[in-house]
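Asks: Structure file model28.pdb (PDB, C-alpha atoms) right here:
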```pdb
ATOM      1  CA  ASP A   1     228.219-151.437  71.053
ATOM      2  CA  GLY A   2     227.370-154.890  72.356
ATOM      3  CA  LYS A   3     223.692-154.193  72.831
ATOM      4  CA  ASN A   4     221.122-156.755  71.740
ATOM      5  CA  GLN A   5     223.843-159.322  71.036
ATOM      6  CA  ILE A   6     222.756-162.949  70.767
ATOM      7  CA  GLN A   7     225.126-165.801  71.542
ATOM      8  CA  PHE A   8     224.872-169.141  69.766
ATOM      9  CA  ASN A   9     226.535-172.404  70.796
ATOM     10  CA  ASP A  10     227.681-175.003  68.262
ATOM     11  CA  ASN A  11     225.654-178.132  67.567
ATOM     12  CA  LYS A  12     222.356-176.500  68.423
ATOM     13  CA  SER A  13     219.623-177.070  65.890
ATOM     14  CA  ASP A  14     216.781-175.020  67.300
ATOM     15  CA  PHE A  15     216.646-171.665  69.009
ATOM     16  CA  PRO A  16     213.750-169.851  70.621
ATOM     17  CA  SER A  17     212.320-166.766  69.047
ATOM     18  CA  PHE A  18     213.880-163.446  70.002
ATOM     19  CA  THR A  19     211.953-160.212  70.190
ATOM     20  CA  PRO A  20     214.074-157.028  70.083
ATOM     21  CA  ASN A  21     211.696-154.092  70.606
ATOM     22  CA  GLY A  22     208.750-155.952  69.109
ATOM     23  CA  GLN A  23     210.549-157.394  66.078
ATOM     24  CA  LYS A  24     209.835-161.106  66.204
ATOM     25  CA  ILE A  25     212.632-163.152  64.711
ATOM     26  CA  GLY A  26     213.267-166.889  64.760
ATOM     27  CA  PHE A  27     216.650-168.653  64.662
ATOM     28  CA  ARG A  28     218.142-172.013  63.907
ATOM     29  CA  GLN A  29     221.707-173.126  63.277
ATOM     30  CA  ASN A  30     222.814-175.524  60.541
ATOM     31  CA  ASN A  31     226.445-176.592  60.941
ATOM     32  CA  ASN A  32     228.361-173.306  60.874
ATOM     33  CA  ASN A  33     225.521-171.272  59.409
ATOM     34  CA  ILE A  34     222.847-169.345  61.257
ATOM     35  CA  VAL A  35     219.458-169.020  59.583
ATOM     36  CA  ILE A  36     217.456-165.967  60.585
ATOM     37  CA  LYS A  37     213.857-165.385  59.585
ATOM     38  CA  ASP A  38     210.691-163.695  60.731
ATOM     39  CA  ILE A  39     208.371-165.794  62.829
ATOM     40  CA  ASP A  40     206.000-166.146  59.868
ATOM     41  CA  GLY A  41     208.794-167.771  57.850
ATOM     42  CA  SER A  42     209.519-164.808  55.593
ATOM     43  CA  ASN A  43     212.712-162.824  54.980
ATOM     44  CA  GLU A  44     215.162-165.672  55.478
ATOM     45  CA  THR A  45     218.835-164.766  55.748
ATOM     46  CA  ILE A  46     221.740-167.213  56.029
ATOM     47  CA  LEU A  47     224.874-166.065  57.836
ATOM     48  CA  GLN A  48     228.123-167.971  57.357
ATOM     49  CA  THR A  49     229.758-167.842  60.756
ATOM     50  CA  GLY A  50     232.832-169.995  60.160
ATOM     51  CA  GLY A  51     232.381-171.617  63.545
ATOM     52  CA  ILE A  52     232.086-168.369  65.472
ATOM     53  CA  ASN A  53     229.593-168.818  68.245
ATOM     54  CA  TYR A  54     228.120-165.341  68.230
ATOM     55  CA  GLY A  55     225.163-164.152  66.266
ATOM     56  CA  PRO A  56     224.837-160.705  64.759
ATOM     57  CA  VAL A  57     224.097-157.563  66.709
ATOM     58  CA  PHE A  58     220.500-156.471  66.161
ATOM     59  CA  GLN A  59     219.676-152.802  66.192
ATOM     60  CA  PRO A  60     216.058-151.902  67.019
ATOM     61  CA  ALA A  61     214.032-150.664  64.076
ATOM     62  CA  LEU A  62     213.807-146.900  63.973
ATOM     63  CA  ALA A  63     210.346-145.482  64.511
ATOM     64  CA  LEU A  64     208.821-143.607  61.610
ATOM     65  CA  VAL A  65     208.267-139.922  62.290
ATOM     66  CA  TRP A  66     205.167-138.290  60.821
ATOM     67  CA  ASN A  67     205.483-134.507  60.781
ATOM     68  CA  VAL A  68     202.563-132.112  61.232
ATOM     69  CA  SER A  69     202.576-128.359  60.717
ATOM     70  CA  THR A  70     200.006-125.581  60.442
ATOM     71  CA  THR A  71     201.562-124.860  57.036
ATOM     72  CA  GLY A  72     201.266-128.481  55.886
ATOM     73  CA  SER A  73     198.646-130.211  53.762
ATOM     74  CA  ASP A  74     196.576-133.340  54.235
ATOM     75  CA  VAL A  75     196.077-133.473  50.475
ATOM     76  CA  THR A  76     199.596-133.125  49.111
ATOM     77  CA  GLY A  77     201.612-133.747  52.275
ATOM     78  CA  ASP A  78     203.333-137.058  52.944
ATOM     79  CA  GLY A  79     204.284-136.514  56.594
ATOM     80  CA  SER A  80     207.934-135.832  55.885
ATOM     81  CA  GLU A  81     209.733-132.918  57.494
ATOM     82  CA  SER A  82     209.772-131.034  54.200
ATOM     83  CA  ASN A  83     206.174-131.926  53.295
ATOM     84  CA  PRO A  84     204.194-132.282  56.530
ATOM     85  CA  PHE A  85     200.539-133.011  57.142
ATOM     86  CA  ALA A  86     198.193-130.253  58.286
ATOM     87  CA  THR A  87     196.317-132.176  60.972
ATOM     88  CA  ILE A  88     197.386-134.375  63.837
ATOM     89  CA  GLN A  89     194.666-136.912  63.075
ATOM     90  CA  THR A  90     196.084-137.490  59.599
ATOM     91  CA  GLY A  91     199.451-138.197  61.210
ATOM     92  CA  ILE A  92     197.805-140.678  63.571
ATOM     93  CA  ASP A  93     195.886-142.340  60.759
ATOM     94  CA  SER A  94     199.101-142.728  58.761
ATOM     95  CA  SER A  95     201.089-144.188  61.643
ATOM     96  CA  SER A  96     201.636-147.677  63.013
ATOM     97  CA  ASP A  97     202.463-148.889  66.511
ATOM     98  CA  GLY A  98     205.801-147.500  67.677
ATOM     99  CA  ASP A  99     205.745-144.465  65.386
ATOM    100  CA  ILE A 100     205.977-140.798  66.367
ATOM    101  CA  VAL A 101     203.677-137.983  65.282
ATOM    102  CA  LEU A 102     205.754-134.826  65.713
ATOM    103  CA  VAL A 103     203.764-131.599  65.784
ATOM    104  CA  GLU A 104     205.208-128.154  65.163
ATOM    105  CA  ALA A 105     204.088-125.150  67.196
ATOM    106  CA  GLY A 106     200.707-123.642  66.381
ATOM    107  CA  THR A 107     197.015-124.154  67.038
ATOM    108  CA  TYR A 108     195.302-127.254  65.654
ATOM    109  CA  VAL A 109     191.515-127.075  65.761
ATOM    110  CA  GLU A 110     190.544-130.719  65.834
ATOM    111  CA  ASN A 111     189.462-133.617  68.001
ATOM    112  CA  ILE A 112     191.877-136.527  67.825
ATOM    113  CA  ASN A 113     191.474-140.233  68.512
ATOM    114  CA  TYR A 114     194.438-142.594  68.848
ATOM    115  CA  SER A 115     192.341-145.303  67.163
ATOM    116  CA  GLY A 116     193.981-148.117  69.097
ATOM    117  CA  LYS A 117     197.524-147.186  68.064
ATOM    118  CA  ASN A 118     200.372-147.271  70.563
ATOM    119  CA  ILE A 119     202.249-144.275  69.246
ATOM    120  CA  VAL A 120     203.820-141.085  70.561
ATOM    121  CA  VAL A 121     202.104-137.820  69.674
ATOM    122  CA  GLY A 122     204.202-134.910  70.803
ATOM    123  CA  SER A 123     205.170-131.315  70.215
ATOM    124  CA  LEU A 124     208.734-130.247  69.563
ATOM    125  CA  PHE A 125     209.168-130.392  73.342
ATOM    126  CA  ILE A 126     209.968-134.083  72.955
ATOM    127  CA  THR A 127     212.954-133.357  70.716
ATOM    128  CA  THR A 128     214.183-130.108  72.286
ATOM    129  CA  SER A 129     213.079-130.224  75.969
ATOM    130  CA  ASP A 130     212.066-126.587  75.450
ATOM    131  CA  THR A 131     209.025-126.126  77.688
ATOM    132  CA  SER A 132     207.786-123.144  75.660
ATOM    133  CA  TYR A 133     206.473-125.630  73.086
ATOM    134  CA  ILE A 134     203.968-126.940  75.650
ATOM    135  CA  SER A 135     202.064-123.646  75.679
ATOM    136  CA  SER A 136     202.650-122.808  72.030
ATOM    137  CA  THR A 137     201.447-126.117  70.577
ATOM    138  CA  ILE A 138     197.702-126.203  71.120
ATOM    139  CA  ILE A 139     195.034-128.773  70.323
ATOM    140  CA  ASP A 140     191.724-126.908  70.378
ATOM    141  CA  GLY A 141     188.570-129.030  70.457
ATOM    142  CA  ASN A 142     186.351-126.218  69.174
ATOM    143  CA  LYS A 143     183.719-127.182  71.781
ATOM    144  CA  SER A 144     182.767-130.204  69.681
ATOM    145  CA  GLY A 145     183.545-133.151  71.974
ATOM    146  CA  SER A 146     186.567-134.514  73.804
ATOM    147  CA  VAL A 147     189.783-133.024  72.484
ATOM    148  CA  VAL A 148     191.767-136.280  72.789
ATOM    149  CA  THR A 149     190.245-139.763  73.011
ATOM    150  CA  PHE A 150     191.807-143.067  74.018
ATOM    151  CA  ASP A 151     189.108-145.746  73.843
ATOM    152  CA  GLN A 152     190.485-148.654  71.836
ATOM    153  CA  SER A 153     192.718-150.532  74.297
ATOM    154  CA  GLU A 154     195.777-148.304  73.989
ATOM    155  CA  ASP A 155     198.423-149.086  76.602
ATOM    156  CA  SER A 156     201.387-147.253  78.134
ATOM    157  CA  ARG A 157     203.160-147.166  74.771
ATOM    158  CA  ALA A 158     200.558-144.610  73.680
ATOM    159  CA  VAL A 159     201.964-141.247  74.739
ATOM    160  CA  LEU A 160     200.600-137.710  74.548
ATOM    161  CA  MET A 161     203.272-135.175  75.415
ATOM    162  CA  GLY A 162     204.013-131.478  75.237
ATOM    163  CA  PHE A 163     200.682-129.807  74.376
ATOM    164  CA  THR A 164     198.049-127.444  75.619
ATOM    165  CA  ILE A 165     194.670-129.221  75.460
ATOM    166  CA  GLN A 166     191.815-126.733  75.409
ATOM    167  CA  ASN A 167     188.269-125.887  74.439
ATOM    168  CA  GLY A 168     186.833-129.385  74.657
ATOM    169  CA  ASN A 169     183.148-129.720  75.451
ATOM    170  CA  SER A 170     181.521-133.104  75.992
ATOM    171  CA  SER A 171     177.953-133.775  77.063
ATOM    172  CA  ASP A 172     179.294-136.998  78.581
ATOM    173  CA  TYR A 173     182.821-137.527  79.913
ATOM    174  CA  GLY A 174     186.279-136.074  79.470
ATOM    175  CA  GLY A 175     186.094-132.691  77.827
ATOM    176  CA  GLY A 176     189.868-132.428  77.498
ATOM    177  CA  ILE A 177     191.083-136.032  77.504
ATOM    178  CA  TYR A 178     188.896-139.147  77.666
ATOM    179  CA  CYS A 179     190.367-142.548  78.545
ATOM    180  CA  ASN A 180     188.055-145.564  78.559
ATOM    181  CA  GLY A 181     189.606-148.972  79.158
ATOM    182  CA  THR A 182     193.022-147.634  78.181
ATOM    183  CA  SER A 183     196.263-146.766  79.952
ATOM    184  CA  PRO A 184     198.216-144.150  78.001
ATOM    185  CA  LYS A 185     200.979-141.894  79.273
ATOM    186  CA  LEU A 186     199.941-138.256  79.562
ATOM    187  CA  LYS A 187     203.026-136.110  80.097
ATOM    188  CA  ASN A 188     203.952-132.436  80.189
ATOM    189  CA  LEU A 189     200.515-131.125  79.302
ATOM    190  CA  ILE A 190     198.445-128.044  80.055
ATOM    191  CA  VAL A 191     194.768-129.040  80.199
ATOM    192  CA  THR A 192     192.593-125.953  80.449
ATOM    193  CA  GLU A 193     189.196-124.433  79.622
ATOM    194  CA  ASN A 194     187.403-127.701  78.960
ATOM    195  CA  ASN A 195     183.878-128.717  79.954
ATOM    196  CA  ALA A 196     182.007-131.993  80.348
ATOM    197  CA  TYR A 197     179.220-133.632  82.321
ATOM    198  CA  SER A 198     181.966-135.423  84.284
ATOM    199  CA  GLY A 199     185.727-135.023  84.157
ATOM    200  CA  ALA A 200     185.928-131.651  82.454
ATOM    201  CA  GLY A 201     189.714-131.831  82.140
ATOM    202  CA  ILE A 202     190.534-135.551  82.126
ATOM    203  CA  GLN A 203     188.205-138.523  82.590
ATOM    204  CA  LEU A 204     189.776-141.889  83.431
ATOM    205  CA  PHE A 205     187.350-144.823  83.250
ATOM    206  CA  ARG A 206     188.717-148.322  83.833
ATOM    207  CA  SER A 207     192.102-146.774  83.164
ATOM    208  CA  GLU A 208     195.590-147.010  84.595
ATOM    209  CA  ALA A 209     196.870-143.979  82.740
ATOM    210  CA  ILE A 210     200.208-142.549  83.790
ATOM    211  CA  LEU A 211     200.039-138.817  84.470
ATOM    212  CA  GLU A 212     203.231-136.798  84.739
ATOM    213  CA  GLU A 213     203.858-133.041  84.878
ATOM    214  CA  LEU A 214     200.271-131.937  84.240
TER     215      LEU A 214
END
```
Step by step, read the file and then write its structure as structure tokens.

Replies:
Amino acid sequence: DGKNQIQFNDNKSDFPSFTPNGQKIGFRQNNNNIVIKDIDGSNETILQTGGINYGPVFQPALALVWNVSTTGSDVTGDGSESNPFATIQTGIDSSSDGDIVLVEAGTYVENINYSGKNIVVGSLFITTSDTSYISSTIIDGNKSGSVVTFDQSEDSRAVLMGFTIQNGNSSDYGGGIYCNGTSPKLKNLIVTENNAYSGAGIQLFRSEAILEEL
């Protein structure tokens, strides 16, 4: 479709690195061939261009989706749609930057920490736009600390979307959601019935979090 197309001119021996959606790739051209490799020198591919001055079209890598369901298992599950995990934290722990943790409707009694990962954690609202999933997909902190924690330099690529966040209870800060030195996106959430010394619902400390539709 013409997106992410890279143009090469003849008689060029060195090209700068190109980063499509975080994939770092280096280029050089030898005669009529284009050599493509990762920045670390691995995964070299040689394309025979026959004098054509256009490089290949690069499609962004698809994010991995880690599925979570109240009927899943953290022991035998693998995060696939047919064999989901049982807890959101296991989905987070299994993920890498850019991935999605997709959570089916239900109540999840746990306290989750993004652990420095810039990922999307969302209910089925993110795939369906059905707002009923916001109230029917619940993360319940069981009065045992902040329900959701961002405290390891997560940025705006870390997204929490489409949940009810409830029953958090912190003796310090952020009973529902605690952000310390981080700037996640918090979107389409119901934050209710949480308690803390300060910031019962959401505590933002040294944070530029983006809040939408709360």

Asks: Considering all atoms listed in the file, state which residue in the set A:Gly141, A:Ser170, A:Asn188, A:Phe150 is at the smallest distance from A:Arg206.

Replies: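 So, comparing all the options, the nearest one is A:Phe150.
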
Asks: Hey, can you check how far atom CA of A:Ile190 sits from atom CA of A:Ser135?

Replies: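 Distance between the two atoms: 7.2 Å.
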
Asks: With a distance cut-off of 9 Å and only C-alpha atoms, select the neighbouring residues of A:Ile100, excluding the residue or stretch itself and same-chain residues fewer than 4 positions from it, and output the selection as a list in words.

Replies: Ala63, Leu64, Val65, Trp66, Asn67, Gly91, Ile92, Ser95, Ser96, Ile119, Val120, Val121 and Gly122 of chain A

Asks: Taking into account only C-alpha atoms, which residue in the set A:Ser94, A:Asn111, A:Ser132, A:Ser123 is nearest to A:Gly168?

Replies: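 Using only C-alpha atoms, the shortest distance to A:Gly168 belongs to A:Asn111.
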
Asks: Restricting the calculation to only C-alpha atoms, which member of A:Glu213, A:Glu81, A:Glu193, A:Asp155 is positioned closest to A:Thr131?

Replies: A:Glu213

Asks: Care to translate the PyMOL selection byres ((chain A and resi 117) around 7) into actual residues of this file, as a list in words?

Replies: Ser96, Asp97, Tyr114, Ser115, Gly116, Asn118, Ile119, Glu154 and Ala158 of chain A

Asks: Let me make sure I understand: among A:Tyr133, A:Tyr197, A:Tyr108, A:Phe205, which one has the smallest atom-to-atom distance to A:Tyr173 if we use all atoms listed in the file?

Replies: A:Tyr197

Asks: As a check of understanding, name the residues that the PyMOL selection byres ((chain A and resi 200) around 8) selects in the supplied structure, as a VMD selection string.

Replies: chain A and resid 169 to 170 173 to 176 194 to 199 201 to 203

Asks: Name the closest residue to A:Val191 among the candidates A:Thr70, A:Gln89, A:Ser129, A:Asn167; distances are taken between atoms, counting only C-alpha atoms.

Replies: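 Distance minimum relative to A:Val191 lands on A:Asn167.
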
Asks: Can you tell me, as a list in words, which residues sit within 9 Å of (212.3, -132.0, 66.5) in the file's frame, using all atoms listed in the file?

Replies: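 Counting all atoms listed in the file, I find these residues within 9 Å of (212.3, -132.0, 66.5): Leu102, Val103, Glu104, Ser123, Leu124, Phe125, Ile126, Thr127 and Thr128 of chain A.
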
Asks: Within 8 Å of (187.3, -147.5, 81.4), in the coordinates the file gives, what residues turn up when you count all atoms listed in the file, written out as a PyMOL selection string?

Replies: chain A and resi 151+179-182+204-207

Asks: Could you jot down the atom CA of A:Ser73 to atom CA of A:Ala105 separation for me, Å, one decimal place?

Replies: 15.4 Å

Asks: Check what the PyMOL selection byres ((chain A and resi 110) around 10) selects in the file above and give those residues as JSON, numbers by chain.

Replies: {"A": [87, 88, 89, 107, 108, 109, 111, 112, 113, 138, 139, 140, 141, 142, 143, 144, 145, 146, 147, 148, 168]}

Asks: For A:Val159, which residue among A:Ser171, A:Ser136, A:Thr71, A:Ser183 is the nearest when counting all atoms listed in the file?

Replies: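 Of the candidates, the smallest distance to A:Val159 is held by A:Ser183.
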
Asks: At what distance in Å, to one decimal, does atom CA of A:Asp78 lie from atom CA of A:Asp93?

Replies: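 So the two atoms, atom CA of A:Asp93 and atom CA of A:Asp78, lie 12.0 Å apart.
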